[in-house]
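Visitor: Starting off with a structure, shown below.
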Amino acid sequence: MLNIYKTNKIELISEVLAKEILINPPFITDNLKISIQNYFLSKWIKDQITLKNDINALCEFQTLAEYTEELVRNLYKDQKVKSWNFESIKWSIIESFEELGEFKESWPLINWINKFINNKKILDSEIYELILRITKVFSDYILYRPEMIEKWHNTELKNSNLFSGLNKDQYWQPILFKLIERKFK
Amino acid sequence: MREIINDINNLKNSSKIKIPKNIYIVASNNLSKLQISFYSKLSELTNVNIYLLSPGHDLWDRINIEDGAISLDNYNKKQYLLNESIESIFCKFIANFEKLIEETTFNEEIKVNIQLPFIDPTINLKKNHKSLLLHQIQKSLIYNNNQNFNIEDNDESIIFRDVKIF
């Protein structure tokens with residue numbers, strides 16, 4: 001059952017949540033996890049639950065991305081699910097950065113790629129900042145543009161359909177995605 | 001996530017799956033369409049409780065539906081833009097997000113229990129005819145002055161009213 005509580009009072013949310021936990025407590029050995037995006041809000045809600053229920057043991061707060069990732073891992077426990085989380089995408093981009101330079105479509109990034117190669121693949125703050133930004137874009141694509149990511153996933157690297165719907169200066173993005181995907185395999 | 005959405009029927013029949021008996025999510029407007037679909041589908045396996053902090057009731061309808069007959073004659077784009085309310089400017093994003101949830105649960109044919117306990121934050125002081133902090137801030141913004149604010153103990157017109165205003 002999907003229960004949605006929509007309100008303009010955060011106090012009401014904390015109260016309903018505290019009551020819900022009291023009525024349906026987790027099993028004694030279970031670690032109750034609640035997804036809240038904001039760290040400070042999670043601290044406040046944790047305090048409110050403690051005040052209302054007099055106790056708040058074994059209650060952990062996670063961001064929605066962390067919470068969802070753990071849930072997916074538990075659902076597919078038998079299979080090895082390689083997670084496309086921020087850290088793993090970031091390091092895959094760093095590993096693929098030099099190879100990306102071999103494609104002529106990577107011209108918008110070529111200055112940074114050359115700098116990276118000339119620096120003997122040592123990351124300086126400028127390149128690291130760029131890679132962080134690319135990682136953020138790719139993480140957002142996975143969450144907010146899953147249809148596009150699925151299309152890239154199903155299209156071969158040499159297939160020109162990979163670039164459909166993109167501007168010329170964006171062609172490096174699906175190429176980088178395919179290189180990262182290869183690393184995950 | 002997409003695999004789970006497509007594979008939900010097999011997961012339902014599987015005895016091995018490990019899933020919490022209650023899922024709790026507190027959100028404002030930060031869920032993507034994929035996440036909404038995922039948790040909607042997951043609600044077929046377990047209880048999913050989503051707590052949404054929303055600034056107002058029926059936002060989407062209020063912002064997107066105009067009262068009275070619609071006329072396309074003498075359509076003046078500038079006048080139309082001027083008619084936009086403050087609510088439609090600041091709440092458009094969250095209104096669209098709430099519509100997205102509604103449409104997703106409708107399309108996925110999910111059994112959903114929606115509770116909408118909205119409380120008028122100005123109600124406490126209306127009876128006493130005292131000035132609300134919200135109204136004082138609005139006036140201060142309009143007249144662009146630095147007057148001090150009087151905050152009553154039972155003023156709930158702004159959630160985080162204890163924040164210092166410099």
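Identifiers in this document derive from the order of the structure tokens: chains are assigned A, B, ..., residues are numbered from 1 separately in each chain, and ligands are numbered from 1 in order of occurrence.
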Would you mind listing, as number ranges by chain, all residues of chain A that have at least one atom within 7 Å of chain B, where only C-alpha atoms are what counts?
Guide: A: 1-8, 10, 13, 34-37, 74-75, 143-144
Visitor: Tell me, which residues of range 3-157 of chain A carry DSSP strand (DSSP E), written as number ranges by chain?
Guide: A: 3-7, 32-36, 59-62
Visitor: Any chance you could list, as a ChimeraX atom specification, the residues in range 51-115 of chain A that come up helix (DSSP H, G or I) when DSSP is run on the backbone?
Guide: /A:51-53,64-75,86-100,104-115
Visitor: So which residues touch Glu98 in chain A within 9 Å, counting only C-alpha atoms, skipping near sequence neighbours fewer than 6 positions away, as a VMD selection string?
Guide: chain A and resid 113 to 114 116 to 117 121
Visitor: Write the residues you've just listed into a file as a short mmCIF file (atom, residue, chain, number, x, y, z; two decimals), in the first residue's frame, and include all heavy atoms for each of them.
Guide:
data_model
loop_
_atom_site.label_atom_id
_atom_site.label_comp_id
_atom_site.auth_asym_id
_atom_site.auth_seq_id
_atom_site.Cartn_x
_atom_site.Cartn_y
_atom_site.Cartn_z
N ILE A 113 41.82 17.15 -21.43
CA ILE A 113 42.34 15.79 -21.62
C ILE A 113 43.86 15.85 -21.87
O ILE A 113 44.63 15.09 -21.29
CB ILE A 113 41.60 15.06 -22.78
CG1 ILE A 113 40.12 14.85 -22.40
CG2 ILE A 113 42.26 13.73 -23.12
CD1 ILE A 113 39.23 14.37 -23.52
N ASN A 114 44.28 16.79 -22.76
CA ASN A 114 45.71 16.94 -23.04
C ASN A 114 46.50 17.32 -21.78
O ASN A 114 47.58 16.80 -21.53
CB ASN A 114 45.94 18.00 -24.13
CG ASN A 114 45.52 17.47 -25.48
OD1 ASN A 114 45.43 16.25 -25.67
ND2 ASN A 114 45.23 18.35 -26.41
N PHE A 116 45.68 16.60 -18.75
CA PHE A 116 45.69 15.40 -17.91
C PHE A 116 46.79 14.44 -18.36
O PHE A 116 47.56 13.91 -17.54
CB PHE A 116 44.30 14.72 -18.00
CG PHE A 116 44.16 13.46 -17.22
CD1 PHE A 116 44.24 13.46 -15.83
CD2 PHE A 116 43.92 12.24 -17.87
CE1 PHE A 116 44.08 12.28 -15.11
CE2 PHE A 116 43.76 11.07 -17.15
CZ PHE A 116 43.84 11.09 -15.78
N ILE A 117 46.91 14.26 -19.68
CA ILE A 117 47.94 13.34 -20.21
C ILE A 117 49.34 13.94 -19.99
O ILE A 117 50.26 13.23 -19.56
CB ILE A 117 47.69 13.05 -21.72
CG1 ILE A 117 46.35 12.32 -21.87
CG2 ILE A 117 48.81 12.23 -22.34
CD1 ILE A 117 45.81 12.25 -23.29
N LYS A 121 48.97 11.93 -16.00
CA LYS A 121 47.69 11.48 -15.42
C LYS A 121 47.57 11.81 -13.93
O LYS A 121 46.94 11.07 -13.18
CB LYS A 121 47.50 9.98 -15.65
CG LYS A 121 47.39 9.58 -17.10
CD LYS A 121 47.05 8.12 -17.17
CE LYS A 121 47.43 7.54 -18.50
NZ LYS A 121 47.30 6.10 -18.52
#
Visitor: Counting only C-alpha atoms, which residue out of A:Asn53, A:Asn38, A:Asp124, A:Ser96 sits closest to Ile23 in chain A?
Guide: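 Ranking A:Asn53, A:Asn38, A:Asp124, A:Ser96 by distance to Ile23 in chain A, first place goes to A:Asn53.
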Visitor: In Å, with one decimal, what is the gap from CA of Ser42 in chain A to CA of Arg145 in chain A?
Guide: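 A separation of 27.7 Å between them.
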Visitor: So how far away is CA of Glu87 in chain A from CA of Phe61 in chain A, in Å?
Guide: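 Atom-to-atom, CA of Phe61 in chain A to CA of Glu87 in chain A, that is 19.9 Å.
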Visitor: Give me the residues within 12 Å of range 132-136 of chain A as a count of residues only, counting only C-alpha atoms and dropping any in the same chain fewer than 4 places off.
Guide: 29
Visitor: To one decimal in Å, tell me the separation between CA of Leu100 in chain B and CA of Thr63 in chain A.
Guide: 20.9 Å
